[in-house]
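Colleague: data-v9.pdb is reproduced in full below (PDB, C-alpha atoms, pLDDT in the B column).
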ATOM      1  CA  MET A  20    -103.075-104.180 -87.827  1.00 85.00           C
ATOM      2  CA  GLU A  21    -100.459-104.633 -90.529  1.00 92.00           C
ATOM      3  CA  LEU A  22    -100.927-107.785 -92.601  1.00 95.00           C
ATOM      4  CA  THR A  23     -99.148-109.271 -95.615  1.00 96.00           C
ATOM      5  CA  ILE A  24    -101.414-110.589 -98.386  1.00 97.00           C
ATOM      6  CA  THR A  25    -100.699-114.124 -99.654  1.00 97.00           C
ATOM      7  CA  LYS A  26    -103.903-114.553-101.733  1.00 97.00           C
ATOM      8  CA  ILE A  27    -106.636-112.162-102.830  1.00 97.00           C
ATOM      9  CA  THR A  28    -109.970-112.566-104.607  1.00 97.00           C
ATOM     10  CA  ARG A  29    -112.510-110.020-105.813  1.00 97.00           C
ATOM     11  CA  THR A  30    -116.089-111.068-106.526  1.00 96.00           C
ATOM     12  CA  GLN A  31    -118.895-108.906-107.873  1.00 96.00           C
ATOM     13  CA  ARG A  32    -122.094-109.481-105.893  1.00 95.00           C
ATOM     14  CA  THR A  33    -125.534-107.959-105.467  1.00 95.00           C
ATOM     15  CA  SER A  34    -126.912-107.147-102.039  1.00 93.00           C
ATOM     16  CA  PRO A  35    -130.099-109.119-101.355  1.00 93.00           C
ATOM     17  CA  LYS A  36    -131.320-106.299 -99.081  1.00 92.00           C
ATOM     18  CA  THR A  37    -130.721-103.284-101.337  1.00 94.00           C
ATOM     19  CA  ASN A  38    -130.334-105.011-104.711  1.00 94.00           C
ATOM     20  CA  LYS A  39    -127.206-102.875-105.274  1.00 94.00           C
ATOM     21  CA  PRO A  40    -123.959-104.270-106.673  1.00 95.00           C
ATOM     22  CA  PHE A  41    -120.782-104.365-104.595  1.00 95.00           C
ATOM     23  CA  THR A  42    -117.348-105.974-104.667  1.00 95.00           C
ATOM     24  CA  SER A  43    -116.535-108.609-102.072  1.00 96.00           C
ATOM     25  CA  VAL A  44    -112.808-108.884-101.318  1.00 97.00           C
ATOM     26  CA  GLY A  45    -111.311-112.000 -99.753  1.00 97.00           C
ATOM     27  CA  ILE A  46    -107.725-112.120 -98.543  1.00 97.00           C
ATOM     28  CA  GLN A  47    -105.426-114.641 -96.953  1.00 97.00           C
ATOM     29  CA  THR A  48    -102.455-113.306 -95.029  1.00 97.00           C
ATOM     30  CA  ILE A  49     -99.224-114.558 -93.546  1.00 97.00           C
ATOM     31  CA  GLU A  50    -100.517-113.582 -90.116  1.00 95.00           C
ATOM     32  CA  HIS A  51    -103.781-115.595 -90.395  1.00 95.00           C
ATOM     33  CA  GLY A  52    -102.476-118.550 -92.411  1.00 93.00           C
ATOM     34  CA  SER A  53    -105.163-120.414 -94.371  1.00 92.00           C
ATOM     35  CA  ARG A  54    -108.063-118.441 -92.849  1.00 94.00           C
ATOM     36  CA  TRP A  55    -109.838-116.026 -95.185  1.00 95.00           C
ATOM     37  CA  LEU A  56    -110.667-112.457 -94.224  1.00 96.00           C
ATOM     38  CA  SER A  57    -113.624-110.814 -95.980  1.00 96.00           C
ATOM     39  CA  GLY A  58    -114.341-107.181 -96.672  1.00 96.00           C
ATOM     40  CA  PHE A  59    -115.803-104.752 -99.176  1.00 95.00           C
ATOM     41  CA  GLY A  60    -114.016-103.460-102.238  1.00 94.00           C
ATOM     42  CA  SER A  61    -113.076 -99.775-102.342  1.00 91.00           C
ATOM     43  CA  ALA A  62    -110.836 -97.370-104.220  1.00 87.00           C
ATOM     44  CA  VAL A  63    -108.231 -97.853-101.480  1.00 86.00           C
ATOM     45  CA  ASN A  64    -108.018-101.655-101.784  1.00 92.00           C
ATOM     46  CA  ALA A  65    -108.642-101.922-105.545  1.00 92.00           C
ATOM     47  CA  SER A  66    -104.901-102.086-106.246  1.00 93.00           C
ATOM     48  CA  TRP A  67    -104.005-104.621-103.541  1.00 95.00           C
ATOM     49  CA  LYS A  68    -102.031-107.636-104.734  1.00 96.00           C
ATOM     50  CA  GLU A  69    -100.221-110.617-103.263  1.00 96.00           C
ATOM     51  CA  GLY A  70     -97.181-109.571-101.245  1.00 95.00           C
ATOM     52  CA  ASP A  71     -98.618-106.156-100.308  1.00 95.00           C
ATOM     53  CA  LYS A  72     -98.444-105.057 -96.689  1.00 95.00           C
ATOM     54  CA  ILE A  73    -101.768-103.533 -95.716  1.00 94.00           C
ATOM     55  CA  ASP A  74    -103.217-101.767 -92.670  1.00 91.00           C
ATOM     56  CA  VAL A  75    -106.698-103.018 -91.758  1.00 93.00           C
ATOM     57  CA  ILE A  76    -108.920-103.606 -88.748  1.00 93.00           C
ATOM     58  CA  VAL A  77    -109.734-107.318 -88.250  1.00 95.00           C
ATOM     59  CA  GLU A  78    -112.879-108.376 -86.394  1.00 95.00           C
ATOM     60  CA  GLU A  79    -114.417-111.758 -85.709  1.00 94.00           C
ATOM     61  CA  SER A  80    -117.938-112.298 -87.041  1.00 92.00           C
ATOM     62  CA  SER A  81    -120.689-113.774 -84.905  1.00 92.00           C
ATOM     63  CA  LYS A  82    -121.173-116.378 -87.683  1.00 92.00           C
ATOM     64  CA  MET A  83    -119.089-119.564 -87.589  1.00 91.00           C
ATOM     65  CA  ASP A  84    -117.378-121.439 -90.416  1.00 87.00           C
ATOM     66  CA  LYS A  85    -117.498-125.204 -90.978  1.00 88.00           C
ATOM     67  CA  GLU A  86    -114.722-125.739 -88.419  1.00 87.00           C
ATOM     68  CA  GLY A  87    -116.623-123.803 -85.737  1.00 90.00           C
ATOM     69  CA  LYS A  88    -114.296-120.788 -85.932  1.00 90.00           C
ATOM     70  CA  PRO A  89    -115.704-117.286 -86.365  1.00 93.00           C
ATOM     71  CA  TYR A  90    -115.415-115.744 -89.814  1.00 94.00           C
ATOM     72  CA  LEU A  91    -112.874-112.919 -89.992  1.00 96.00           C
ATOM     73  CA  ASN A  92    -113.882-109.580 -91.485  1.00 96.00           C
ATOM     74  CA  PHE A  93    -111.621-106.672 -92.306  1.00 95.00           C
ATOM     75  CA  THR A  94    -112.401-102.993 -92.588  1.00 93.00           C
ATOM     76  CA  MET A  95    -110.291-100.059 -93.566  1.00 87.00           C
ATOM     77  CA  PRO A  96    -109.241 -97.649 -90.783  1.00 82.00           C
ATOM     78  CA  LYS A  97    -111.592 -94.671 -90.743  1.00 76.00           C
ATOM     79  CA  VAL A  98    -110.054 -91.625 -92.350  1.00 67.00           C
ATOM     80  CA  VAL A  99    -110.736 -88.259 -90.729  1.00 62.00           C
ATOM     81  CA  SER A 100    -109.928 -84.760 -91.967  1.00 60.00           C
ATOM     82  CA  GLY A 101    -106.382 -84.438 -93.182  1.00 65.00           C
ATOM     83  CA  GLY A 102    -106.367 -87.996 -94.554  1.00 68.00           C
ATOM     84  CA  MET A 103    -105.415 -89.555 -91.196  1.00 72.00           C
ATOM     85  CA  SER A 104    -106.985 -92.534 -89.499  1.00 73.00           C
ATOM     86  CA  GLU A 105    -108.439 -92.035 -86.014  1.00 74.00           C
ATOM     87  CA  GLN A 106    -105.633 -94.205 -84.622  1.00 76.00           C
ATOM     88  CA  ASP A 107    -102.996 -92.036 -86.341  1.00 78.00           C
ATOM     89  CA  ARG A 108    -104.691 -88.868 -85.061  1.00 77.00           C
ATOM     90  CA  GLU A 109    -104.591 -90.188 -81.463  1.00 82.00           C
ATOM     91  CA  LEU A 110    -100.915 -91.122 -81.863  1.00 86.00           C
ATOM     92  CA  LEU A 111    -100.143 -87.665 -83.249  1.00 86.00           C
ATOM     93  CA  ASN A 112    -101.854 -86.039 -80.246  1.00 85.00           C
ATOM     94  CA  GLU A 113     -99.771 -88.170 -77.858  1.00 89.00           C
ATOM     95  CA  ILE A 114     -96.611 -87.115 -79.713  1.00 92.00           C
ATOM     96  CA  LYS A 115     -97.630 -83.432 -79.492  1.00 91.00           C
ATOM     97  CA  ILE A 116     -98.193 -83.747 -75.730  1.00 90.00           C
ATOM     98  CA  GLY A 117     -94.758 -85.360 -75.365  1.00 89.00           C
ATOM     99  CA  ILE A 118     -93.114 -82.597 -77.410  1.00 91.00           C
ATOM    100  CA  ASN A 119     -94.798 -79.903 -75.291  1.00 88.00           C
ATOM    101  CA  MET A 120     -93.561 -81.576 -72.093  1.00 90.00           C
ATOM    102  CA  LEU A 121     -90.021 -81.838 -73.465  1.00 91.00           C
ATOM    103  CA  THR A 122     -90.102 -78.200 -74.613  1.00 90.00           C
ATOM    104  CA  ARG A 123     -91.010 -77.077 -71.077  1.00 89.00           C
ATOM    105  CA  GLU A 124     -88.235 -79.226 -69.603  1.00 90.00           C
ATOM    106  CA  VAL A 125     -85.663 -77.802 -72.048  1.00 90.00           C
ATOM    107  CA  ALA A 126     -86.791 -74.268 -71.149  1.00 87.00           C
ATOM    108  CA  SER A 127     -86.293 -75.072 -67.434  1.00 86.00           C
ATOM    109  CA  VAL A 128     -82.808 -76.432 -68.069  1.00 87.00           C
ATOM    110  CA  LYS A 129     -81.908 -73.392 -70.202  1.00 86.00           C
ATOM    111  CA  ALA A 130     -83.103 -71.080 -67.435  1.00 83.00           C
ATOM    112  CA  LEU A 131     -80.926 -72.897 -64.909  1.00 80.00           C
ATOM    113  CA  LEU A 132     -77.904 -72.834 -67.197  1.00 83.00           C
ATOM    114  CA  SER A 133     -78.299 -69.151 -68.025  1.00 82.00           C
ATOM    115  CA  ARG A 134     -78.387 -67.892 -64.398  1.00 75.00           C
ATOM    116  CA  PRO A 135     -75.294 -65.973 -63.285  1.00 76.00           C
ATOM    117  CA  GLU A 136     -72.678 -67.923 -61.341  1.00 74.00           C
ATOM    118  CA  ASN A 137     -72.905 -67.823 -57.554  1.00 68.00           C
ATOM    119  CA  THR A 138     -76.628 -66.999 -57.739  1.00 67.00           C
ATOM    120  CA  PRO A 139     -78.404 -69.285 -55.298  1.00 62.00           C
ATOM    121  CA  MET A 140     -81.103 -71.493 -56.604  1.00 63.00           C
ATOM    122  CA  GLU A 141     -84.551 -71.291 -55.006  1.00 61.00           C
ATOM    123  CA  GLU A 142     -83.809 -74.318 -52.827  1.00 63.00           C
ATOM    124  CA  GLU A 143     -80.692 -72.553 -51.495  1.00 61.00           C
ATOM    125  CA  LEU A 144     -82.447 -69.301 -50.483  1.00 61.00           C
ATOM    126  CA  PRO A 145     -83.402 -68.823 -46.824  1.00 66.00           C
ATOM    127  CA  PRO A 146     -87.133 -69.045 -46.149  1.00 67.00           C
ATOM    128  CA  MET A 147     -89.102 -65.812 -46.381  1.00 65.00           C
ATOM    129  CA  PRO A 148     -90.194 -64.557 -42.937  1.00 66.00           C
ATOM    130  CA  PHE A 149     -93.901 -64.375 -42.282  1.00 64.00           C
ATOM    131  CA  PRO A 150     -95.336 -61.087 -40.985  1.00 64.00           C
ATOM    132  CA  THR A 151     -95.750 -62.718 -37.561  1.00 62.00           C
ATOM    133  CA  ASP A 152     -91.980 -63.247 -37.366  1.00 50.00           C
ATOM    134  CA  PHE A 153     -91.283 -59.475 -37.039  1.00 49.00           C
TER
END
Starting from the coordinates I provided, produce the structure as structure tokens.

Modeller:
Amino acid sequence: MELTITKITRTQRTSPKTNKPFTSVGIQTIEHGSRWLSGFGSAVNASWKEGDKIDVIVEESSKMDKEGKPYLNFTMPKVVSGGMSEQDRELLNEIKIGINMLTREVASVKALLSRPENTPMEEELPPMPFPTDF
């Protein structure tokens, strides 16, 4: 989902479970108004600033805020080999399938256009007799 950042905060924290430090990133966006979205800091989002358009996955938490609304969390799209997200890879596969279909259709049209004039098309040929018709 493409979002436009209106506010961003970065807070250094320590995990109570692992006792390891991490960066918590909070963003507000045009699309979600005054609601905050929370996620983890990474090399990809380290340079984000207000006004940036970003591509993230937004999910509702099972925990509720003071107004009884679920917290919103964001994650980065998973990157697979070739530096593409899974969503982009699926889209690329759909495009490839479409191109293959179009290529076959163009080949069929070329074959029809390249046949000599006055050559009947298959639909115009008389049916082949079966051996029982002799």

Colleague: Could you list, as a PyMOL selection string, every residue within 7 Å of Thr30 in chain A, counting all atoms listed in the file and ignoring same-chain residues fewer than 2 positions away?

Modeller: chain A and resi 28+32+42-44

Colleague: If we count only C-alpha atoms and set the cut-off at 10 Å, which residues sit around range 88-93 of chain A, ignoring sequence neighbours fewer than 6 positions away in its own chain? Please answer as a ChimeraX atom specification.

Modeller: /A:20,44-46,51,54-59,74-82

Colleague: Would you place a box with edges along x, y and z of the file around all atoms of range 46-53 of chain A listed there, add 4 Å to each of its six sides, and report the centre and edge lengths in Å to one decimal, as JSON?

Modeller:
{"center_x": -103.5, "center_y": -116.3, "center_z": -94.3, "size_x": 16.5, "size_y": 16.3, "size_z": 16.4}

Colleague: Any idea what the distance is between CA of Leu22 in chain A and CA of Ile49 in chain A?

Modeller: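 Separation between CA of Leu22 in chain A and CA of Ile49 in chain A: 7.0 Å.
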
Colleague: Could you please determine the separation between CA of Trp67 in chain A and CA of Asp107 in chain A in Å, to one decimal place?

Modeller: 21.3 Å

Colleague: Mind pulling up the distance from CA of Phe41 in chain A to CA of Lys26 in chain A?

Modeller: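 Those two atoms sit 19.9 Å apart.
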
Colleague: A:Ala65, A:Val128, A:Ile27, A:Met103: which is nearest Thr48 in chain A, counting all atoms listed in the file?

Modeller: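 Under the stated criterion, the closest residue is A:Ile27.
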